[in-house]
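J.: Provided herewith: structure_36.cif, mmCIF, C-alpha atoms.
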```cif
data_run
#
loop_
_atom_site.label_atom_id
_atom_site.label_comp_id
_atom_site.auth_asym_id
_atom_site.auth_seq_id
_atom_site.Cartn_x
_atom_site.Cartn_y
_atom_site.Cartn_z
CA MET U 270 -33.57 -9.01 1.03
CA SER U 271 -35.71 -7.03 3.47
CA ARG U 272 -34.78 -3.52 4.53
CA ALA U 273 -33.62 -4.78 7.96
CA GLU U 274 -31.54 -7.54 6.35
CA PHE U 275 -30.06 -5.00 3.95
CA ARG U 276 -29.05 -2.74 6.88
CA ARG U 277 -27.36 -5.70 8.67
CA TRP U 278 -25.62 -6.69 5.42
CA ARG U 279 -24.46 -3.12 4.78
CA LEU U 280 -23.17 -2.80 8.37
CA ALA U 281 -21.27 -6.09 8.11
CA ALA U 282 -19.84 -5.14 4.72
CA PHE U 283 -18.76 -1.77 6.07
CA SER U 284 -17.08 -3.40 9.09
CA VAL U 285 -15.12 -5.80 6.89
CA ALA U 286 -14.12 -2.99 4.55
CA ALA U 287 -13.04 -0.81 7.47
CA ALA U 288 -10.94 -3.59 8.97
CA ALA U 289 -9.32 -4.29 5.62
CA ALA U 290 -8.64 -0.60 5.09
CA ALA U 291 -7.05 -0.34 8.54
CA LEU U 292 -4.76 -3.28 7.84
CA THR U 293 -3.86 -1.90 4.42
CA ALA U 294 -3.12 1.51 5.87
CA ALA U 295 -0.89 0.01 8.57
CA GLY U 296 0.98 -1.94 5.94
CA ALA U 297 1.33 1.02 3.63
CA LEU U 298 2.72 3.22 6.38
CA THR U 299 5.07 0.61 7.79
CA PRO U 300 8.57 1.27 6.49
CA ALA U 301 10.48 -1.12 4.28
CA LEU U 302 12.84 -3.23 6.32
CA ALA U 303 16.55 -3.79 5.91
CA ALA U 304 17.63 -7.09 4.39
CA THR U 305 18.55 -10.13 6.41
CA GLY U 306 22.13 -9.80 7.60
CA PRO U 307 24.79 -11.93 9.21
CA SER U 308 24.34 -14.72 11.72
CA MET U 309 26.61 -14.80 14.77
CA THR U 310 27.44 -17.11 17.67
CA ALA U 311 29.91 -17.21 20.53
CA ASN U 312 31.97 -20.38 20.61
CA HIS U 313 34.40 -21.27 23.43
CA GLY U 314 36.49 -18.15 23.56
CA SER U 315 35.78 -16.86 20.07
CA VAL U 316 33.14 -15.12 17.99
CA ASN U 317 31.87 -16.59 14.73
CA ILE U 318 30.03 -14.75 11.96
CA ALA U 319 28.52 -16.22 8.79
CA VAL U 320 27.37 -13.91 6.03
CA PRO U 321 26.63 -13.96 2.29
CA GLY U 322 29.72 -12.88 0.39
CA PRO U 323 30.46 -11.66 -3.13
CA ASN U 324 29.04 -13.61 -6.06
CA HIS U 325 26.58 -15.49 -3.86
CA SER U 326 29.31 -17.15 -1.81
CA LEU U 327 29.07 -17.98 1.89
CA ARG U 328 31.76 -16.46 4.07
CA PHE U 329 32.82 -17.19 7.65
CA TYR U 330 34.77 -14.93 9.99
CA TRP U 331 36.09 -15.62 13.45
CA ALA U 332 38.13 -13.81 16.09
CA VAL U 333 39.42 -14.80 19.49
CA ASN U 334 37.63 -12.92 22.27
CA GLY U 335 39.43 -9.75 23.21
CA THR U 336 41.22 -9.43 19.90
CA SER U 337 40.29 -7.50 16.78
CA THR U 338 42.04 -9.81 14.34
CA TRP U 339 39.39 -11.39 12.17
CA HIS U 340 40.10 -14.55 10.21
CA ALA U 341 38.23 -15.09 6.95
CA GLU U 342 37.17 -18.39 5.46
CA THR U 343 35.05 -19.27 2.44
CA VAL U 344 32.46 -21.83 3.42
CA ALA U 345 31.10 -22.22 -0.10
CA GLY U 346 32.23 -20.51 -3.28
CA GLY U 347 30.41 -18.49 -5.92
CA ALA U 348 26.81 -19.35 -6.66
CA ALA U 349 26.50 -21.29 -3.41
CA LEU U 350 23.64 -19.04 -2.32
CA SER U 351 20.50 -18.02 -4.15
CA PRO U 352 20.28 -14.36 -5.14
CA ARG U 353 18.84 -12.36 -2.27
CA ARG U 354 15.50 -10.76 -2.46
CA ARG U 355 15.45 -7.08 -1.63
CA MET P 264 12.80 -21.26 17.39
CA THR P 265 13.88 -22.05 20.93
CA VAL P 266 14.04 -25.04 23.20
CA ASN P 267 12.26 -24.47 26.48
CA GLY P 268 12.65 -27.19 29.06
CA ASN P 269 10.69 -30.11 27.72
CA SER P 270 9.15 -28.37 24.72
CA VAL P 271 10.01 -26.69 21.43
CA ASN P 272 8.74 -23.21 20.60
CA ILE P 273 8.35 -21.57 17.19
CA ALA P 274 7.28 -17.99 16.49
CA ALA P 275 6.38 -16.64 13.06
CA GLU P 276 4.63 -13.79 11.33
CA GLY P 277 1.18 -15.12 10.48
CA PRO P 278 -1.65 -14.15 8.16
CA ASN P 279 -2.57 -10.48 7.88
CA HIS P 280 0.59 -9.49 9.75
CA SER P 281 -0.37 -11.32 12.92
CA LEU P 282 2.14 -12.94 15.29
CA ARG P 283 1.74 -16.67 15.89
CA PHE P 284 3.37 -18.98 18.44
CA TYR P 285 3.51 -22.76 18.26
CA TRP P 286 4.78 -25.25 20.81
CA ALA P 287 5.02 -29.00 21.16
CA VAL P 288 6.21 -31.25 23.95
CA ASN P 289 9.42 -33.04 23.04
CA GLY P 290 8.79 -36.39 21.43
CA THR P 291 5.27 -35.52 20.33
CA SER P 292 3.98 -34.22 17.01
CA THR P 293 1.04 -32.31 18.46
CA TRP P 294 1.57 -28.62 17.90
CA HIS P 295 -0.35 -26.08 19.94
CA ALA P 296 -1.08 -22.73 18.28
CA GLU P 297 -1.45 -19.39 20.01
CA THR P 298 -2.02 -15.90 18.65
CA VAL P 299 0.44 -13.58 20.32
CA ALA P 300 -0.80 -10.47 18.50
CA GLY P 301 -3.60 -10.04 15.99
CA GLY P 302 -3.72 -8.80 12.42
CA GLY P 303 -1.85 -5.62 11.58
CA SER P 304 0.59 -6.04 14.46
CA THR P 305 3.66 -7.68 12.99
CA PHE P 306 5.87 -6.65 10.09
CA SER P 307 9.06 -8.70 10.42
CA ALA P 308 10.36 -12.08 11.30
CA PRO P 309 10.34 -12.42 15.09
CA SER P 310 13.25 -12.98 17.43
CA MET P 311 12.53 -15.23 20.42
CA THR P 312 14.33 -16.17 23.64
CA VAL P 313 13.62 -18.17 26.73
CA ASN P 314 14.07 -15.99 29.78
CA GLY P 315 13.86 -17.85 33.07
CA ASN P 316 10.24 -18.84 33.47
CA SER P 317 8.92 -16.92 30.47
CA VAL P 318 9.12 -16.70 26.71
CA ASN P 319 10.01 -13.41 25.05
CA ILE P 320 9.36 -12.38 21.44
CA ALA P 321 10.40 -9.18 19.66
CA THR P 322 9.21 -7.98 16.25
CA ALA P 323 8.97 -4.89 14.11
CA GLY P 324 5.43 -3.69 14.63
CA SER P 325 3.12 -1.44 12.68
CA LEU P 326 4.27 2.02 11.67
CA GLY P 327 7.88 1.15 12.43
CA ARG P 328 7.39 0.40 16.12
CA LEU P 329 9.53 -2.10 18.01
CA LYS P 330 7.30 -4.50 19.93
CA PHE P 331 8.03 -6.95 22.74
CA TYR P 332 5.77 -9.76 23.95
CA TRP P 333 6.15 -12.10 26.90
CA ALA P 334 4.22 -14.94 28.48
CA VAL P 335 4.86 -17.07 31.53
CA ASN P 336 5.63 -20.68 30.61
CA GLY P 337 2.53 -22.82 30.50
CA THR P 338 0.16 -19.91 29.99
CA SER P 339 -1.30 -18.48 26.79
CA THR P 340 -1.63 -14.92 28.07
CA TRP P 341 0.71 -12.72 26.10
CA HIS P 342 1.69 -9.31 27.43
CA ALA P 343 2.63 -6.58 24.94
CA GLU P 344 5.09 -3.75 25.40
CA THR P 345 6.26 -1.04 23.02
CA VAL P 346 10.03 -0.84 23.15
CA ALA P 347 10.29 2.05 20.71
CA GLY P 348 7.57 4.09 19.04
CA GLY P 349 6.53 4.73 15.46
CA GLY P 350 9.27 5.41 12.93
CA SER P 351 11.95 3.85 15.11
CA THR P 352 12.55 0.42 13.60
CA PHE P 353 13.61 -0.53 10.09
CA SER P 354 14.63 -4.18 10.37
CA ALA P 355 13.77 -7.41 12.05
CA PRO P 356 15.15 -7.30 15.61
CA SER P 357 17.67 -9.54 17.28
CA MET P 358 17.16 -10.34 20.96
CA THR P 359 19.23 -11.92 23.73
CA VAL P 360 18.90 -12.48 27.44
CA ASN P 361 21.82 -11.22 29.45
CA GLY P 362 21.82 -12.01 33.15
CA ASP P 363 18.80 -10.23 34.55
CA SER P 364 18.04 -8.10 31.52
CA VAL P 365 16.70 -8.41 27.98
CA ASN P 366 18.58 -6.89 25.04
CA ILE P 367 17.16 -6.04 21.61
CA SER P 368 18.94 -4.57 18.61
CA ALA P 369 17.51 -3.33 15.32
CA VAL P 370 18.14 -0.88 12.53
CA GLY P 371 16.85 2.54 13.48
CA ALA P 372 15.93 5.66 11.56
CA GLY P 373 18.53 6.90 9.12
CA ASN P 374 20.26 3.51 9.07
CA ARG P 375 21.43 3.83 12.67
CA LEU P 376 22.11 0.74 14.74
CA LYS P 377 20.00 0.83 17.89
CA PHE P 378 20.19 -1.17 21.11
CA TYR P 379 17.50 -1.44 23.76
CA TRP P 380 17.58 -3.11 27.16
CA ALA P 381 15.24 -3.59 30.10
CA VAL P 382 15.68 -5.25 33.47
CA ASN P 383 13.57 -8.39 33.78
CA GLY P 384 10.18 -7.70 35.27
CA THR P 385 10.15 -4.06 34.26
CA SER P 386 8.70 -2.37 31.18
CA THR P 387 11.18 0.49 31.14
CA TRP P 388 13.24 0.23 27.98
CA ASN P 389 16.55 2.04 27.76
CA ALA P 390 17.79 3.08 24.30
CA GLU P 391 21.36 3.37 23.09
CA THR P 392 22.78 4.21 19.68
CA VAL P 393 25.44 1.68 18.79
CA ALA P 394 26.34 3.34 15.48
CA GLY P 395 25.07 6.57 13.97
CA GLY P 396 23.24 7.44 10.79
CA GLY P 397 24.29 5.80 7.55
CA THR P 398 26.10 2.92 9.22
CA THR P 399 23.80 -0.08 9.13
CA PHE P 400 22.20 -1.77 6.14
CA SER P 401 20.97 -5.16 7.36
CA ALA P 402 19.16 -6.66 10.27
CA PRO P 403 21.65 -7.18 13.10
CA SER P 404 22.70 -10.39 14.77
CA MET P 405 23.42 -10.23 18.50
CA THR P 406 24.98 -12.57 21.05
CA VAL P 407 26.01 -12.46 24.66
CA ASN P 408 29.64 -13.42 25.06
CA GLY P 409 30.86 -13.71 28.61
CA ASP P 410 30.90 -10.21 30.05
CA SER P 411 30.03 -8.38 26.85
CA VAL P 412 27.35 -7.99 24.19
CA ASN P 413 28.25 -8.42 20.52
CA ILE P 414 26.35 -7.16 17.48
CA SER P 415 27.17 -7.66 13.81
CA ALA P 416 25.51 -6.15 10.75
CA VAL P 417 26.21 -5.12 7.20
CA GLY P 418 27.68 -1.65 7.15
CA ALA P 419 28.15 1.06 4.54
CA GLY P 420 29.75 -0.05 1.30
CA ASN P 421 28.89 -3.68 1.96
CA ARG P 422 31.35 -3.95 4.82
CA LEU P 423 30.82 -6.42 7.64
CA LYS P 424 30.77 -4.54 10.94
CA PHE P 425 31.08 -5.80 14.50
CA TYR P 426 30.29 -3.90 17.69
CA TRP P 427 30.82 -4.87 21.30
CA ALA P 428 30.23 -3.33 24.71
CA VAL P 429 30.98 -4.50 28.21
CA ASN P 430 27.82 -5.31 30.13
CA GLY P 431 26.44 -2.31 31.93
CA THR P 432 28.33 0.23 29.86
CA PRO P 433 27.02 2.31 26.93
CA THR P 434 30.38 2.50 25.15
CA TRP P 435 30.25 0.53 21.91
CA HIS P 436 33.49 -0.45 20.22
CA PRO P 437 33.32 -0.81 16.41
CA GLU P 438 35.42 -3.16 14.36
CA THR P 439 35.46 -3.87 10.63
CA VAL P 440 35.41 -7.61 10.08
CA ALA P 441 35.51 -7.42 6.28
CA GLY P 442 36.10 -4.37 4.12
CA PRO P 443 34.02 -2.79 1.37
CA GLY P 444 32.36 -5.10 -1.10
CA ASN P 445 32.84 -8.24 0.97
CA VAL P 446 29.20 -8.72 1.87
CA GLN P 447 26.27 -9.04 -0.44
#
```
Once you've parsed the file, please lay out its structure as C-alpha coordinates.
T.:
Amino acid sequence: MSRAEFRRWRLAAFSVAAAAAALTAAGALTPALAATGPSMTANHGSVNIAVPGPNHSLRFYWAVNGTSTWHAETVAGGAALSPRRR
Amino acid sequence: MTVNGNSVNIAAEGPNHSLRFYWAVNGTSTWHAETVAGGGSTFSAPSMTVNGNSVNIATAGSLGRLKFYWAVNGTSTWHAETVAGGGSTFSAPSMTVNGDSVNISAVGAGNRLKFYWAVNGTSTWNAETVAGGGTTFSAPSMTVNGDSVNISAVGAGNRLKFYWAVNGTPTWHPETVAGPGNVQ
(Lines of atoms letter the chains of each structure in order from A and count residues from 1; the text may use other names and numbers.)
(Lines give C-alpha, C1' and ligand atoms only; values in the text may rest on other atoms or scores of the structure.)
Protein backbone atom coordinates (compact mmCIF):
# COMPACT_ATOMS: atom_id res chain seq x y z
CA MET A 1 0.00 0.00 0.00
CA SER A 2 1.45 3.37 -1.03
CA ARG A 3 1.52 6.30 1.37
CA ALA A 4 -1.38 7.98 -0.50
CA GLU A 5 -3.42 4.76 -0.44
CA PHE A 6 -2.67 4.37 3.26
CA ARG A 7 -3.93 7.93 3.94
CA ARG A 8 -7.18 7.23 2.02
CA TRP A 9 -7.58 3.91 3.88
CA ARG A 10 -6.94 5.56 7.24
CA LEU A 11 -9.44 8.36 6.45
CA ALA A 12 -12.10 5.86 5.40
CA ALA A 13 -11.47 3.70 8.48
CA PHE A 14 -11.70 6.75 10.71
CA SER A 15 -14.98 7.83 9.09
CA VAL A 16 -16.54 4.40 9.60
CA ALA A 17 -15.31 4.29 13.19
CA ALA A 18 -16.65 7.78 13.86
CA ALA A 19 -20.05 6.92 12.42
CA ALA A 20 -20.21 3.73 14.46
CA ALA A 21 -19.18 5.60 17.59
CA ALA A 22 -21.88 8.21 17.00
CA LEU A 23 -24.55 5.54 16.61
CA THR A 24 -23.30 3.70 19.69
CA ALA A 25 -23.28 6.90 21.72
CA ALA A 26 -26.83 7.75 20.64
CA GLY A 27 -27.97 4.29 21.62
CA ALA A 28 -26.16 4.36 24.93
CA LEU A 29 -27.68 7.71 25.87
CA THR A 30 -31.19 6.85 24.73
CA PRO A 31 -33.27 5.88 27.75
CA ALA A 32 -34.77 2.45 28.25
CA LEU A 33 -38.37 2.40 27.14
CA ALA A 34 -41.46 1.31 29.02
CA ALA A 35 -42.91 -2.07 28.12
CA THR A 36 -45.67 -2.57 25.59
CA GLY A 37 -49.00 -1.85 27.23
CA PRO A 38 -52.67 -2.28 26.49
CA SER A 39 -54.41 -2.09 23.14
CA MET A 40 -57.62 -0.07 22.87
CA THR A 41 -60.41 0.58 20.38
CA ALA A 42 -63.71 2.42 20.30
CA ASN A 43 -66.61 0.23 19.26
CA HIS A 44 -70.16 1.54 18.65
CA GLY A 45 -70.78 3.39 21.87
CA SER A 46 -68.22 1.62 24.03
CA VAL A 47 -64.50 1.44 24.74
CA ASN A 48 -62.60 -1.84 24.61
CA ILE A 49 -59.21 -2.58 26.16
CA ALA A 50 -57.15 -5.76 25.85
CA VAL A 51 -54.15 -6.26 28.11
CA PRO A 52 -51.95 -9.07 29.46
CA GLY A 53 -53.29 -10.19 32.83
CA PRO A 54 -51.93 -12.19 35.76
CA ASN A 55 -50.22 -15.50 35.06
CA HIS A 56 -49.83 -14.73 31.36
CA SER A 57 -53.58 -14.54 30.76
CA LEU A 58 -55.28 -12.21 28.28
CA ARG A 59 -57.87 -9.89 29.76
CA PHE A 60 -60.55 -7.74 28.13
CA TYR A 61 -62.33 -4.74 29.62
CA TRP A 62 -65.16 -2.68 28.22
CA ALA A 63 -67.32 0.25 29.32
CA VAL A 64 -70.21 2.08 27.72
CA ASN A 65 -69.23 5.60 26.67
CA GLY A 66 -69.94 8.12 29.37
CA THR A 67 -69.88 5.59 32.17
CA SER A 68 -67.06 4.54 34.46
CA THR A 69 -68.30 1.00 35.04
CA TRP A 70 -65.76 -1.35 33.54
CA HIS A 71 -66.68 -4.94 32.74
CA ALA A 72 -63.93 -7.55 32.90
CA GLU A 73 -63.64 -10.67 30.79
CA THR A 74 -60.92 -13.29 30.46
CA VAL A 75 -60.15 -13.87 26.82
CA ALA A 76 -57.66 -16.65 27.49
CA GLY A 77 -56.59 -18.13 30.80
CA GLY A 78 -53.21 -18.65 32.44
CA ALA A 79 -50.24 -19.35 30.21
CA ALA A 80 -52.10 -18.07 27.17
CA LEU A 81 -49.38 -15.48 26.57
CA SER A 82 -45.64 -15.86 26.41
CA PRO A 83 -43.67 -14.27 29.24
CA ARG A 84 -42.99 -10.64 28.41
CA ARG A 85 -39.56 -9.39 27.74
CA ARG A 86 -38.52 -6.42 29.81
CA MET B 1 -49.76 -0.60 9.57
CA THR B 2 -52.46 1.48 7.92
CA VAL B 3 -54.68 1.30 4.89
CA ASN B 4 -54.41 4.38 2.72
CA GLY B 5 -56.84 4.57 -0.15
CA ASN B 6 -55.73 1.92 -2.58
CA SER B 7 -52.53 0.90 -0.81
CA VAL B 8 -51.21 -0.64 2.39
CA ASN B 9 -48.52 1.08 4.45
CA ILE B 10 -46.12 -0.43 6.98
CA ALA B 11 -43.62 1.43 9.15
CA ALA B 12 -40.90 -0.23 11.22
CA GLU B 13 -37.66 0.46 13.01
CA GLY B 14 -34.94 -0.64 10.60
CA PRO B 15 -31.25 -1.47 10.81
CA ASN B 16 -29.02 0.75 12.92
CA HIS B 17 -32.06 2.45 14.44
CA SER B 18 -33.32 3.82 11.15
CA LEU B 19 -37.00 4.31 10.30
CA ARG B 20 -38.31 2.44 7.27
CA PHE B 21 -41.60 2.74 5.37
CA TYR B 22 -43.03 0.18 2.97
CA TRP B 23 -46.09 0.41 0.76
CA ALA B 24 -47.83 -1.74 -1.82
CA VAL B 25 -50.83 -1.18 -4.03
CA ASN B 26 -53.75 -3.38 -3.02
CA GLY B 27 -53.77 -6.67 -4.87
CA THR B 28 -50.08 -6.54 -5.70
CA SER B 29 -47.11 -8.10 -3.94
CA THR B 30 -44.61 -5.45 -4.98
CA TRP B 31 -43.44 -3.60 -1.91
CA HIS B 32 -41.80 -0.21 -2.23
CA ALA B 33 -39.25 0.74 0.44
CA GLU B 34 -38.46 4.23 1.66
CA THR B 35 -36.12 5.47 4.37
CA VAL B 36 -38.01 7.94 6.51
CA ALA B 37 -35.05 8.66 8.80
CA GLY B 38 -31.51 7.35 8.75
CA GLY B 39 -29.41 5.42 11.24
CA GLY B 40 -29.41 6.58 14.84
CA SER B 41 -32.82 8.23 14.52
CA THR B 42 -35.32 5.72 15.82
CA PHE B 43 -35.51 3.90 19.14
CA SER B 44 -39.04 2.49 19.36
CA ALA B 45 -41.74 0.87 17.37
CA PRO B 46 -43.48 3.55 15.31
CA SER B 47 -47.09 4.65 15.41
CA MET B 48 -48.61 5.58 12.05
CA THR B 49 -51.83 7.24 10.87
CA VAL B 50 -53.31 8.41 7.63
CA ASN B 51 -54.19 12.07 7.89
CA GLY B 52 -56.12 13.43 4.93
CA ASN B 53 -53.68 13.52 2.05
CA SER B 54 -50.59 12.60 4.06
CA VAL B 55 -49.05 9.84 6.13
CA ASN B 56 -47.86 10.57 9.66
CA ILE B 57 -45.39 8.54 11.73
CA ALA B 58 -44.30 9.09 15.34
CA THR B 59 -41.40 7.38 17.13
CA ALA B 60 -39.15 7.74 20.12
CA GLY B 61 -36.01 9.31 18.72
CA SER B 62 -32.44 9.51 19.90
CA LEU B 63 -31.68 10.80 23.38
CA GLY B 64 -35.29 10.42 24.42
CA ARG B 65 -36.75 12.82 21.87
CA LEU B 66 -40.25 12.43 20.45
CA LYS B 67 -40.13 12.63 16.66
CA PHE B 68 -42.85 13.13 14.05
CA TYR B 69 -42.55 12.53 10.31
CA TRP B 70 -44.99 13.25 7.51
CA ALA B 71 -45.13 12.87 3.75
CA VAL B 72 -47.75 13.78 1.20
CA ASN B 73 -49.33 10.69 -0.38
CA GLY B 74 -47.52 9.61 -3.50
CA THR B 75 -44.27 11.34 -2.60
CA SER B 76 -41.16 9.97 -0.90
CA THR B 77 -40.12 13.24 0.71
CA TRP B 78 -40.39 12.87 4.46
CA HIS B 79 -40.52 15.94 6.68
CA ALA B 80 -39.21 15.67 10.25
CA GLU B 81 -40.39 17.53 13.31
CA THR B 82 -39.33 17.30 16.95
CA VAL B 83 -42.42 17.09 19.11
CA ALA B 84 -40.52 17.04 22.39
CA GLY B 85 -36.80 17.37 23.07
CA GLY B 86 -34.17 15.16 24.64
CA GLY B 87 -35.09 13.35 27.84
CA SER B 88 -38.81 13.72 27.22
CA THR B 89 -39.91 10.31 25.96
CA PHE B 90 -39.63 6.91 27.59
CA SER B 91 -41.94 4.69 25.54
CA ALA B 92 -43.15 4.02 22.07
CA PRO B 93 -45.77 6.65 21.19
CA SER B 94 -49.40 6.21 20.27
CA MET B 95 -50.86 8.58 17.68
CA THR B 96 -54.34 9.45 16.42
CA VAL B 97 -55.87 11.96 14.08
CA ASN B 98 -58.67 13.97 15.59
CA GLY B 99 -60.56 16.29 13.27
CA ASP B 100 -58.02 18.84 12.13
CA SER B 101 -55.30 17.97 14.61
CA VAL B 102 -52.78 15.21 15.36
CA ASN B 103 -52.51 13.72 18.85
CA ILE B 104 -49.55 11.80 20.28
CA SER B 105 -49.18 10.25 23.72
CA ALA B 106 -46.13 8.68 25.34
CA VAL B 107 -44.55 8.03 28.70
CA GLY B 108 -42.62 11.08 29.84
CA ALA B 109 -39.89 11.69 32.37
CA GLY B 110 -40.52 10.32 35.83
CA ASN B 111 -43.18 7.93 34.52
CA ARG B 112 -45.57 10.75 33.65
CA LEU B 113 -48.17 10.30 30.93
CA LYS B 114 -47.75 13.00 28.31
CA PHE B 115 -50.03 14.17 25.51
CA TYR B 116 -49.05 16.33 22.56
CA TRP B 117 -51.20 17.85 19.83
CA ALA B 118 -50.72 20.06 16.79
CA VAL B 119 -53.14 21.53 14.29
CA ASN B 120 -52.69 20.01 10.84
CA GLY B 121 -50.29 21.98 8.71
CA THR B 122 -48.48 23.52 11.65
CA SER B 123 -45.35 22.41 13.48
CA THR B 124 -46.32 23.91 16.81
CA TRP B 125 -46.75 21.10 19.29
CA ASN B 126 -48.70 21.70 22.47
CA ALA B 127 -47.86 19.58 25.52
CA GLU B 128 -50.17 18.43 28.28
CA THR B 129 -49.56 16.19 31.29
CA VAL B 130 -52.31 13.60 31.48
CA ALA B 131 -51.01 12.03 34.69
CA GLY B 132 -48.12 13.07 36.90
CA GLY B 133 -44.93 11.41 38.01
CA GLY B 134 -45.00 7.77 39.04
CA THR B 135 -48.27 7.01 37.29
CA THR B 136 -47.45 5.29 34.02
CA PHE B 137 -45.46 2.12 33.42
CA SER B 138 -46.23 1.04 29.85
CA ALA B 139 -46.54 2.52 26.43
CA PRO B 140 -50.00 4.07 26.10
CA SER B 141 -52.77 3.18 23.70
CA MET B 142 -54.92 6.05 22.41
CA THR B 143 -58.16 6.33 20.46
CA VAL B 144 -60.52 9.04 19.38
CA ASN B 145 -64.04 8.32 20.55
CA GLY B 146 -66.67 10.71 19.32
CA ASP B 147 -66.04 14.03 21.02
CA SER B 148 -63.26 12.84 23.32
CA VAL B 149 -59.77 11.36 23.38
CA ASN B 150 -59.09 8.19 25.35
CA ILE B 151 -55.75 6.88 26.62
CA SER B 152 -55.03 3.67 28.49
CA ALA B 153 -51.80 2.48 30.07
CA VAL B 154 -50.47 0.34 32.86
CA GLY B 155 -50.37 2.34 36.07
CA ALA B 156 -48.63 2.01 39.41
CA GLY B 157 -48.97 -1.34 41.11
CA ASN B 158 -49.88 -3.05 37.85
CA ARG B 159 -53.24 -1.31 37.66
CA LEU B 160 -54.92 -0.67 34.33
CA LYS B 161 -55.61 3.05 33.99
CA PHE B 162 -57.87 4.93 31.60
CA TYR B 163 -57.88 8.67 30.91
CA TRP B 164 -60.24 10.74 28.81
CA ALA B 165 -60.64 14.39 27.89
CA VAL B 166 -63.21 16.24 25.83
CA ASN B 167 -61.73 17.55 22.60
CA GLY B 168 -60.26 20.99 23.00
CA THR B 169 -59.99 20.81 26.77
CA PRO B 170 -56.88 20.05 28.87
CA THR B 171 -58.80 18.42 31.71
CA TRP B 172 -58.04 14.71 31.87
CA HIS B 173 -60.34 12.42 33.81
CA PRO B 174 -58.69 9.30 35.30
CA GLU B 175 -60.41 6.00 35.87
CA THR B 176 -59.10 2.70 37.20
CA VAL B 177 -60.20 -0.09 34.90
CA ALA B 178 -58.57 -2.89 36.91
CA GLY B 179 -57.00 -2.66 40.35
CA PRO B 180 -53.52 -3.52 41.59
CA GLY B 181 -51.95 -6.69 40.29
CA ASN B 182 -54.39 -7.15 37.43
CA VAL B 183 -51.96 -6.35 34.65
CA GLN B 184 -48.67 -7.99 33.92
J.: Starting from chain U, keep only residues with some atom at most 9 Å from an atom of chain P, counting all atoms listed in the file, and report them as a PyMOL selection string.
T.: chain U and resi 291-293+295-312+314-316+318+320-326+328+330-331+334+337-341+353
J.: Write the residues of the selection above to a file with C-alpha atoms, as a tab-separated table (two decimals), in the frame of the given file.
T.:
```tsv
chain	number	residue	atom	x	y	z
U	291	ALA	CA	-7.05	-0.34	8.54
U	292	LEU	CA	-4.76	-3.28	7.84
U	293	THR	CA	-3.86	-1.90	4.42
U	295	ALA	CA	-0.89	0.01	8.57
U	296	GLY	CA	0.98	-1.94	5.94
U	297	ALA	CA	1.33	1.02	3.63
U	298	LEU	CA	2.72	3.22	6.38
U	299	THR	CA	5.07	0.61	7.79
U	300	PRO	CA	8.57	1.27	6.49
U	301	ALA	CA	10.48	-1.12	4.28
U	302	LEU	CA	12.84	-3.23	6.32
U	303	ALA	CA	16.55	-3.79	5.91
U	304	ALA	CA	17.63	-7.09	4.39
U	305	THR	CA	18.55	-10.13	6.41
U	306	GLY	CA	22.13	-9.80	7.60
U	307	PRO	CA	24.79	-11.93	9.21
U	308	SER	CA	24.34	-14.72	11.72
U	309	MET	CA	26.61	-14.80	14.77
U	310	THR	CA	27.44	-17.11	17.67
U	311	ALA	CA	29.91	-17.21	20.53
U	312	ASN	CA	31.97	-20.38	20.61
U	314	GLY	CA	36.49	-18.15	23.56
U	315	SER	CA	35.78	-16.86	20.07
U	316	VAL	CA	33.14	-15.12	17.99
U	318	ILE	CA	30.03	-14.75	11.96
U	320	VAL	CA	27.37	-13.91	6.03
U	321	PRO	CA	26.63	-13.96	2.29
U	322	GLY	CA	29.72	-12.88	0.39
U	323	PRO	CA	30.46	-11.66	-3.13
U	324	ASN	CA	29.04	-13.61	-6.06
U	325	HIS	CA	26.58	-15.49	-3.86
U	326	SER	CA	29.31	-17.15	-1.81
U	328	ARG	CA	31.76	-16.46	4.07
U	330	TYR	CA	34.77	-14.93	9.99
U	331	TRP	CA	36.09	-15.62	13.45
U	334	ASN	CA	37.63	-12.92	22.27
U	337	SER	CA	40.29	-7.50	16.78
U	338	THR	CA	42.04	-9.81	14.34
U	339	TRP	CA	39.39	-11.39	12.17
U	340	HIS	CA	40.10	-14.55	10.21
U	341	ALA	CA	38.23	-15.09	6.95
U	353	ARG	CA	18.84	-12.36	-2.27
```
J.: Report the distance between CA of Pro309 in chain P and CA of Tyr379 in chain P in Å, rounded to one decimal place.
T.: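 Here the two named atoms are 15.7 Å from each other.
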J.: When the PyMOL selection byres ((chain P and resi 282) around 8) is applied to the file above, which residues end up in the set, as a list in words?
T.: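 For this structure, the PyMOL selection byres ((chain P and resi 282) around 8) captures Ala274, Ala275, Glu276, Gly277, His280, Ser281, Arg283, Phe284, Thr298, Val299, Ala300, Gly301, Gly302, Ser304 and Thr305 of chain P.
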J.: Would you kindly return, as an MDAnalysis selection string, each protein, DNA or RNA residue with an atom no farther than 10 Å from any atom of Thr345 in chain P, considering all atoms listed in the file and excluding same-chain residues fewer than 3 positions away?
T.: chainID P and resid 321 324 328:332 348:349 386:388
J.: Here is a test: counting only C-alpha atoms, which residue of P:Ser357, P:Ser270, P:Asn383, P:Ser364 is nearest to Asn336 in chain P?
T.: P:Ser270
J.: For a test of reading the model, state the distance in Å between CA of Val365 in chain P and CA of Phe329 in chain U, rounded to one decimal.
T.: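 A separation of 27.4 Å between them.
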J.: Report, in Å to a single decimal, how far apart CA of Glu344 in chain P and CA of Val382 in chain P are.
T.: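 Value for the CA of Val382 in chain P-CA of Glu344 in chain P distance: 13.4 Å.
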J.: So what does the PyMOL selection byres ((chain P and resi 396) around 6) actually pick up in this one, as a JSON list (two decimals) with C-alpha atoms, in the frame of the given file?
T.:
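Writing done, so here's part.json:
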```json
[["chain", "number", "residue", "atom", "x", "y", "z"],
["P", 373, "GLY", "CA", 18.53, 6.90, 9.12],
["P", 374, "ASN", "CA", 20.26, 3.51, 9.07],
["P", 375, "ARG", "CA", 21.43, 3.83, 12.67],
["P", 395, "GLY", "CA", 25.07, 6.57, 13.97],
["P", 397, "GLY", "CA", 24.29, 5.80, 7.55],
["P", 398, "THR", "CA", 26.10, 2.92, 9.22]]
```
J.: Written as a PyMOL selection string, which residues does the PyMOL selection byres ((chain P and resi 294) around 12) give for the file shown?
T.: chain P and resi 270-273+284-293+295-297
